[in-house]
>>> print(open('coords_23.pdb').read())   # PDB, C-alpha atoms
ATOM      1  CA  ASP A   1      81.901 106.335  91.433
ATOM      2  CA  ALA A   2      85.678 106.100  91.407
ATOM      3  CA  MET A   3      86.748 102.738  92.635
ATOM      4  CA  VAL A   4      89.043  99.744  92.588
ATOM      5  CA  ILE A   5      87.629  96.787  90.682
ATOM      6  CA  GLN A   6      88.930  93.245  90.866
ATOM      7  CA  ASN A   7      87.993  90.442  88.539
ATOM      8  CA  PRO A   8      86.959  87.798  88.984
ATOM      9  CA  ARG A   9      85.502  87.733  92.512
ATOM     10  CA  TYR A  10      86.051  83.983  92.686
ATOM     11  CA  GLN A  11      88.614  81.993  90.764
ATOM     12  CA  VAL A  12      89.110  78.261  90.775
ATOM     13  CA  THR A  13      92.171  76.787  89.146
ATOM     14  CA  GLN A  14      93.945  73.478  89.066
ATOM     15  CA  PHE A  15      97.177  72.746  90.843
ATOM     16  CA  GLY A  16      99.993  73.988  88.620
ATOM     17  CA  LYS A  17      97.749  75.737  86.097
ATOM     18  CA  PRO A  18      98.676  79.396  85.553
ATOM     19  CA  VAL A  19      96.128  81.973  86.630
ATOM     20  CA  THR A  20      95.856  85.733  86.215
ATOM     21  CA  LEU A  21      93.959  88.075  88.483
ATOM     22  CA  SER A  22      93.149  91.591  87.392
ATOM     23  CA  CYS A  23      92.669  94.930  89.053
ATOM     24  CA  SER A  24      91.557  98.230  87.595
ATOM     25  CA  GLN A  25      91.133 101.628  89.172
ATOM     26  CA  THR A  26      89.391 104.826  88.218
ATOM     27  CA  LEU A  27      91.014 106.817  91.021
ATOM     28  CA  ASN A  28      94.109 107.680  88.957
ATOM     29  CA  HIS A  29      96.285 106.757  91.912
ATOM     30  CA  ASN A  30     100.035 106.440  91.483
ATOM     31  CA  VAL A  31     100.518 103.419  93.706
ATOM     32  CA  MET A  32      98.979  99.984  93.257
ATOM     33  CA  TYR A  33      99.463  97.103  95.667
ATOM     34  CA  TRP A  34      98.825  93.376  95.653
ATOM     35  CA  TYR A  35      98.179  91.627  98.956
ATOM     36  CA  GLN A  36      97.566  88.015  99.869
ATOM     37  CA  GLN A  37      95.236  87.433 102.795
ATOM     38  CA  LYS A  38      94.603  84.085 104.418
ATOM     39  CA  SER A  39      91.866  83.371 106.909
ATOM     40  CA  SER A  40      92.113  85.347 110.169
ATOM     41  CA  GLN A  41      95.375  86.974 109.102
ATOM     42  CA  ALA A  42      96.400  90.482 108.149
ATOM     43  CA  PRO A  43      96.948  91.289 104.486
ATOM     44  CA  LYS A  44     100.451  90.325 103.383
ATOM     45  CA  LEU A  45     102.050  92.584 100.815
ATOM     46  CA  LEU A  46     103.337  90.743  97.743
ATOM     47  CA  PHE A  47     104.509  93.715  95.665
ATOM     48  CA  HIS A  48     103.591  97.206  94.665
ATOM     49  CA  TYR A  49     104.063  99.694  91.846
ATOM     50  CA  TYR A  50     104.815 103.351  92.281
ATOM     51  CA  ASP A  51     103.866 104.519  88.812
ATOM     52  CA  LYS A  52     105.869 102.106  86.643
ATOM     53  CA  ASP A  53     108.451 101.270  89.292
ATOM     54  CA  PHE A  54     107.994  97.704  90.485
ATOM     55  CA  ASN A  55     108.814  96.819  94.084
ATOM     56  CA  ASN A  56     108.907  93.183  95.084
ATOM     57  CA  GLU A  57     108.794  91.999  98.684
ATOM     58  CA  ALA A  58     111.794  89.876  99.633
ATOM     59  CA  ASP A  59     109.639  86.943 100.725
ATOM     60  CA  THR A  60     107.294  86.928  97.726
ATOM     61  CA  PRO A  61     107.753  83.618  95.910
ATOM     62  CA  ASP A  62     109.083  83.704  92.345
ATOM     63  CA  ASN A  63     105.859  81.981  91.391
ATOM     64  CA  PHE A  64     104.128  85.345  91.714
ATOM     65  CA  GLN A  65     104.580  87.973  89.025
ATOM     66  CA  SER A  66     102.911  91.278  88.311
ATOM     67  CA  ARG A  67     102.334  93.603  85.388
ATOM     68  CA  ARG A  68     101.133  97.172  85.262
ATOM     69  CA  PRO A  69     100.643  98.096  81.597
ATOM     70  CA  ASN A  70      99.180 101.507  82.416
ATOM     71  CA  THR A  71      98.024 103.616  85.346
ATOM     72  CA  SER A  72      94.604 102.005  85.501
ATOM     73  CA  PHE A  73      95.390  98.305  85.346
ATOM     74  CA  CYS A  74      97.495  95.874  87.309
ATOM     75  CA  PHE A  75      97.691  92.092  87.014
ATOM     76  CA  LEU A  76      98.812  89.334  89.314
ATOM     77  CA  ASP A  77     100.109  86.208  87.592
ATOM     78  CA  ILE A  78     100.592  82.992  89.513
ATOM     79  CA  ARG A  79     102.649  80.765  87.256
ATOM     80  CA  SER A  80     102.207  77.417  88.973
ATOM     81  CA  PRO A  81      99.686  77.666  91.793
ATOM     82  CA  GLY A  82     100.153  75.351  94.718
ATOM     83  CA  LEU A  83      97.660  74.414  97.406
ATOM     84  CA  GLY A  84      99.266  76.945  99.719
ATOM     85  CA  ASP A  85      98.374  79.764  97.338
ATOM     86  CA  ALA A  86      94.677  79.418  98.048
ATOM     87  CA  ALA A  87      93.762  82.763  99.595
ATOM     88  CA  MET A  88      92.031  86.075  99.094
ATOM     89  CA  TYR A  89      94.039  88.390  96.839
ATOM     90  CA  LEU A  90      93.465  92.054  97.432
ATOM     91  CA  CYS A  91      94.384  94.920  95.178
ATOM     92  CA  ALA A  92      94.727  98.375  96.688
ATOM     93  CA  THR A  93      95.631 101.833  95.477
ATOM     94  CA  SER A  94      97.010 104.944  97.080
ATOM     95  CA  PRO A  95      97.514 108.434  95.678
ATOM     96  CA  ARG A  96     100.987 108.722  97.188
ATOM     97  CA  GLY A  97     103.504 106.992  99.352
ATOM     98  CA  ALA A  98     102.020 105.374 102.480
ATOM     99  CA  GLY A  99      98.772 107.280 102.225
ATOM    100  CA  PRO A 100      95.374 105.748 102.907
ATOM    101  CA  GLN A 101      94.739 102.732 100.722
ATOM    102  CA  HIS A 102      91.579 101.927  98.801
ATOM    103  CA  PHE A 103      90.963  98.214  98.470
ATOM    104  CA  GLY A 104      89.064  96.283  95.859
ATOM    105  CA  ASP A 105      86.593  93.574  96.832
ATOM    106  CA  GLY A 106      89.280  90.945  96.341
ATOM    107  CA  THR A 107      89.521  87.705  94.377
ATOM    108  CA  ARG A 108      89.139  84.505  96.327
ATOM    109  CA  LEU A 109      91.375  81.888  94.731
ATOM    110  CA  SER A 110      90.760  78.191  95.198
ATOM    111  CA  ILE A 111      93.158  75.478  94.039
ATOM    112  CA  LEU A 112      91.882  72.029  93.067
TER     113      LEU A 112
ATOM    114  CA  GLY B   1     112.383  95.175 110.882
ATOM    115  CA  GLN B   2     109.572  97.480 111.801
ATOM    116  CA  GLN B   3     106.727  95.798 113.655
ATOM    117  CA  VAL B   4     103.204  96.862 114.502
ATOM    118  CA  MET B   5     101.647  94.925 117.345
ATOM    119  CA  GLN B   6      97.939  94.937 118.009
ATOM    120  CA  ILE B   7      95.974  93.620 120.957
ATOM    121  CA  PRO B   8      93.739  91.910 121.727
ATOM    122  CA  GLN B   9      93.561  89.448 118.852
ATOM    123  CA  TYR B  10      89.920  88.679 119.605
ATOM    124  CA  GLN B  11      87.243  90.515 121.565
ATOM    125  CA  HIS B  12      83.730  89.315 122.206
ATOM    126  CA  VAL B  13      81.258  91.769 123.724
ATOM    127  CA  GLN B  14      77.588  92.087 124.449
ATOM    128  CA  GLU B  15      75.784  94.674 122.372
ATOM    129  CA  GLY B  16      75.966  97.989 124.190
ATOM    130  CA  GLU B  17      79.342  97.318 125.800
ATOM    131  CA  ASP B  18      82.403  99.322 124.916
ATOM    132  CA  PHE B  19      85.369  97.997 122.936
ATOM    133  CA  THR B  20      88.993  99.095 122.637
ATOM    134  CA  THR B  21      91.844  97.844 120.487
ATOM    135  CA  TYR B  22      95.443  98.945 120.973
ATOM    136  CA  CYS B  23      98.274  99.290 118.530
ATOM    137  CA  ASN B  24     101.998  99.660 119.246
ATOM    138  CA  SER B  25     104.799 100.285 116.802
ATOM    139  CA  SER B  26     108.451  99.436 117.301
ATOM    140  CA  THR B  27     109.358 102.726 115.594
ATOM    141  CA  THR B  28     107.986 106.264 115.517
ATOM    142  CA  LEU B  29     105.319 106.643 112.868
ATOM    143  CA  SER B  30     104.633 109.575 110.583
ATOM    144  CA  ASN B  31     100.986 108.581 110.672
ATOM    145  CA  ILE B  32      98.758 105.728 111.736
ATOM    146  CA  GLN B  33      95.775 104.434 109.803
ATOM    147  CA  TRP B  34      92.839 102.320 110.880
ATOM    148  CA  TYR B  35      90.894  99.953 108.666
ATOM    149  CA  LYS B  36      87.799  97.845 109.208
ATOM    150  CA  GLN B  37      87.201  94.545 107.445
ATOM    151  CA  ARG B  38      83.734  93.039 107.674
ATOM    152  CA  PRO B  39      83.432  89.248 107.489
ATOM    153  CA  GLY B  40      83.857  88.239 103.850
ATOM    154  CA  GLY B  41      84.727  91.804 102.886
ATOM    155  CA  HIS B  42      87.780  93.859 102.158
ATOM    156  CA  PRO B  43      89.613  96.360 104.392
ATOM    157  CA  VAL B  44      87.990  99.767 104.384
ATOM    158  CA  PHE B  45      89.931 102.844 105.401
ATOM    159  CA  LEU B  46      88.475 104.513 108.489
ATOM    160  CA  ILE B  47      90.854 107.274 109.470
ATOM    161  CA  GLN B  48      94.403 108.576 109.473
ATOM    162  CA  LEU B  49      96.059 110.256 112.458
ATOM    163  CA  VAL B  50      99.112 112.410 111.908
ATOM    164  CA  LYS B  51      99.766 114.657 114.883
ATOM    165  CA  SER B  52     101.247 113.676 118.222
ATOM    166  CA  GLY B  53      98.455 113.252 120.777
ATOM    167  CA  GLU B  54      95.762 113.605 118.135
ATOM    168  CA  VAL B  55      92.222 112.497 118.965
ATOM    169  CA  LYS B  56      89.549 112.100 116.321
ATOM    170  CA  LYS B  57      85.951 110.985 116.603
ATOM    171  CA  GLN B  58      83.595 109.382 114.142
ATOM    172  CA  LYS B  59      80.217 109.004 115.820
ATOM    173  CA  ARG B  60      80.769 106.236 118.398
ATOM    174  CA  LEU B  61      84.395 105.629 117.362
ATOM    175  CA  THR B  62      87.266 107.491 119.040
ATOM    176  CA  PHE B  63      90.794 107.261 117.658
ATOM    177  CA  GLN B  64      93.904 108.362 119.523
ATOM    178  CA  PHE B  65      97.543 108.754 118.496
ATOM    179  CA  GLY B  66     100.090 108.665 121.284
ATOM    180  CA  GLU B  67     102.338 111.539 122.230
ATOM    181  CA  ALA B  68     105.401 109.619 121.090
ATOM    182  CA  LYS B  69     103.647 108.637 117.829
ATOM    183  CA  LYS B  70     104.335 104.972 118.516
ATOM    184  CA  ASN B  71     100.956 103.840 119.774
ATOM    185  CA  SER B  72      97.323 104.289 118.958
ATOM    186  CA  SER B  73      93.930 103.103 120.067
ATOM    187  CA  LEU B  74      90.439 102.737 118.709
ATOM    188  CA  HIS B  75      87.557 102.870 121.142
ATOM    189  CA  ILE B  76      83.973 102.072 120.258
ATOM    190  CA  THR B  77      81.277 103.233 122.651
ATOM    191  CA  ALA B  78      78.120 101.163 123.023
ATOM    192  CA  THR B  79      78.863  98.565 120.376
ATOM    193  CA  GLN B  80      76.233  97.552 117.859
ATOM    194  CA  THR B  81      76.011  94.425 115.731
ATOM    195  CA  THR B  82      77.063  96.529 112.747
ATOM    196  CA  ASP B  83      80.469  97.010 114.416
ATOM    197  CA  VAL B  84      81.322  93.337 113.870
ATOM    198  CA  GLY B  85      84.529  92.824 111.906
ATOM    199  CA  THR B  86      88.291  92.933 112.175
ATOM    200  CA  TYR B  87      89.962  96.239 112.919
ATOM    201  CA  PHE B  88      93.492  96.729 111.636
ATOM    202  CA  CYS B  89      95.945  99.474 112.426
ATOM    203  CA  ALA B  90      98.696 100.210 109.931
ATOM    204  CA  GLY B  91     101.698 102.480 109.817
ATOM    205  CA  PRO B  92     104.080 103.508 107.047
ATOM    206  CA  GLN B  93     107.235 101.457 106.719
ATOM    207  CA  GLY B  94     110.180 103.821 106.839
ATOM    208  CA  GLY B  95     110.073 106.236 103.923
ATOM    209  CA  SER B  96     108.415 103.827 101.548
ATOM    210  CA  GLU B  97     104.944 103.571 100.029
ATOM    211  CA  LYS B  98     104.270 100.466 102.101
ATOM    212  CA  LEU B  99     102.141 100.003 105.166
ATOM    213  CA  VAL B 100     102.898  97.628 108.004
ATOM    214  CA  PHE B 101      99.644  96.157 109.258
ATOM    215  CA  GLY B 102      98.941  94.962 112.753
ATOM    216  CA  LYS B 103      97.476  91.464 113.018
ATOM    217  CA  GLY B 104      94.062  92.924 113.688
ATOM    218  CA  THR B 105      91.462  92.623 116.410
ATOM    219  CA  LYS B 106      88.429  90.559 115.548
ATOM    220  CA  LEU B 107      85.318  91.955 117.214
ATOM    221  CA  THR B 108      82.175  89.907 117.664
ATOM    222  CA  VAL B 109      79.040  91.386 119.193
ATOM    223  CA  ASN B 110      76.308  89.386 120.867
ATOM    224  CA  PRO B 111      72.871  90.919 120.252
TER     225      PRO B 111
END
>>> encode(input="coords_23.pdb", output="structure tokens")
Amino acid sequence: DAMVIQNPRYQVTQFGKPVTLSCSQTLNHNVMYWYQQKSSQAPKLLFHYYDKDFNNEADTPDNFQSRRPNTSFCFLDIRSPGLGDAAMYLCATSPRGAGPQHFGDGTRLSIL
Amino acid sequence: GQQVMQIPQYQHVQEGEDFTTYCNSSTTLSNIQWYKQRPGGHPVFLIQLVKSGEVKKQKRLTFQFGEAKKNSSLHITATQTTDVGTYFCAGPQGGSEKLVFGKGTKLTVNP
């Protein structure tokens, strides 16, 4: 089945130690999104790609970076994770602008 | 900036009771989408409404889009324990690829 796959499901890292989360999709969608979701809150958009065009949210910390080497894959790099970065990170895709989004299962990040 | 407000934030019902969540946008929307997130899960797309005054049904779920395309509602008839989760509405932000999510309504159902 076509889907959005995130790895790993759970990630534990140390304070300040760089971490990379990955997302792949078999839907061949143009748009890929990264969200941060904390407990009992709505998903918060960090950035998104429309094809290769990168779009950063104004309030996304510089600590967060993203790469999309091809249509299928997108990565979220957190250069120096702080305790406040502990959250669920959700990847989503959409075939076109502002269409329905398909979410992956998410990666739950814990910071020690 | 554009805001999407959703009420109530929490709703606790007895199994068999009805449930409604309401969504209001500060701007006219080209469409409105509804998502359901089960506890520990990820948001799952339920439906998209596009037309003014549109009403769509999915079994016990009824979705409405207001005439002015600024508000929407989701109504669940005779809730079941499988309806537990957080329901989010979301609307496109301007002409971009982004969605603005409401804060969600967390539904709990007592068996």
>>> interface_residues(input="coords_23.pdb", of="chain B", to="chain A", cutoff="8 Å", atoms="all atoms listed in the file", output="list in words")
Gln33, Gly41, His42, Pro43, Val44, Phe45, Gln48, Phe88, Gly91, Pro92, Gln93, Ser96, Glu97, Lys98, Leu99, Phe101, Gly102, Lys103 and Gly104 of chain B
>>> atom_distance(input="coords_23.pdb", atom1="CA of Ser73 (chain B)", atom2="CA of Cys89 (chain B)")
8.7 Å
>>> atom_distance(input="coords_23.pdb", atom1="CA of Gln36 (chain A)", atom2="CA of Gly94 (chain B)")
21.4 Å
>>> residues_around(input="coords_23.pdb", residues="region 62-71 of chain A", least_positions_apart="2", cutoff="8 Å", atoms="only C-alpha atoms", output="list in words")
Asn28, His29, Asn30, Phe47, Tyr49, Asp51, Lys52, Thr60, Phe73, Cys74, Phe75, Leu76, Asp77, Ile78, Arg79, Ser80 and Pro81 of chain A
>>> residues_near_point(input="coords_23.pdb", point="(96.5, 76.4, 84.5)", cutoff="12 Å", atoms="all atoms listed in the file", output="ChimeraX atom specification")
/A:11-20,77-82,111-112
>>> resolve_selection(input="coords_23.pdb", expression="the PyMOL selection byres ((chain A and resi 5) around 6)", output="list in words")
Val4, Gln6, Cys23, Ser24 and Gly104 of chain A
>>> residues_around(input="coords_23.pdb", residues="region 61-63 of chain B", least_positions_apart="3", cutoff="7 Å", atoms="only C-alpha atoms", output="ChimeraX atom specification")
/B:55-58,73-77
>>> resolve_selection(input="coords_23.pdb", expression="the PyMOL selection byres ((chain B and resi 49) around 10)", output="MDAnalysis selection string")
chainID B and resid 29:34 47:48 50:56 63:66 69 72 91
>>> atom_distance(input="coords_23.pdb", atom1="CA of Val4 (chain B)", atom2="CA of Thr86 (chain B)")
15.6 Å
>>> resolve_selection(input="coords_23.pdb", expression="the PyMOL selection byres ((chain B and resi 18) around 12)", output="list in words")
Gln11, His12, Val13, Gln14, Glu15, Gly16, Glu17, Phe19, Thr20, Thr21, Arg60, Leu61, Thr62, Leu74, His75, Ile76, Thr77, Ala78, Thr79, Gln80, Asp83, Leu107, Thr108 and Val109 of chain B
>>> closest_residue(input="coords_23.pdb", among="B:Pro39, B:Pro111, B:Pro8, B:Gly95", to="Asn24 (chain B)", atoms="all atoms listed in the file")
B:Pro8
>>> axis_aligned_box(input="coords_23.pdb", around="region 1-17 of chain A", padding_each_side="6 Å", output="JSON")
{"center_x": 90.9, "center_y": 89.5, "center_z": 89.4, "size_x": 30.1, "size_y": 45.6, "size_z": 18.6}
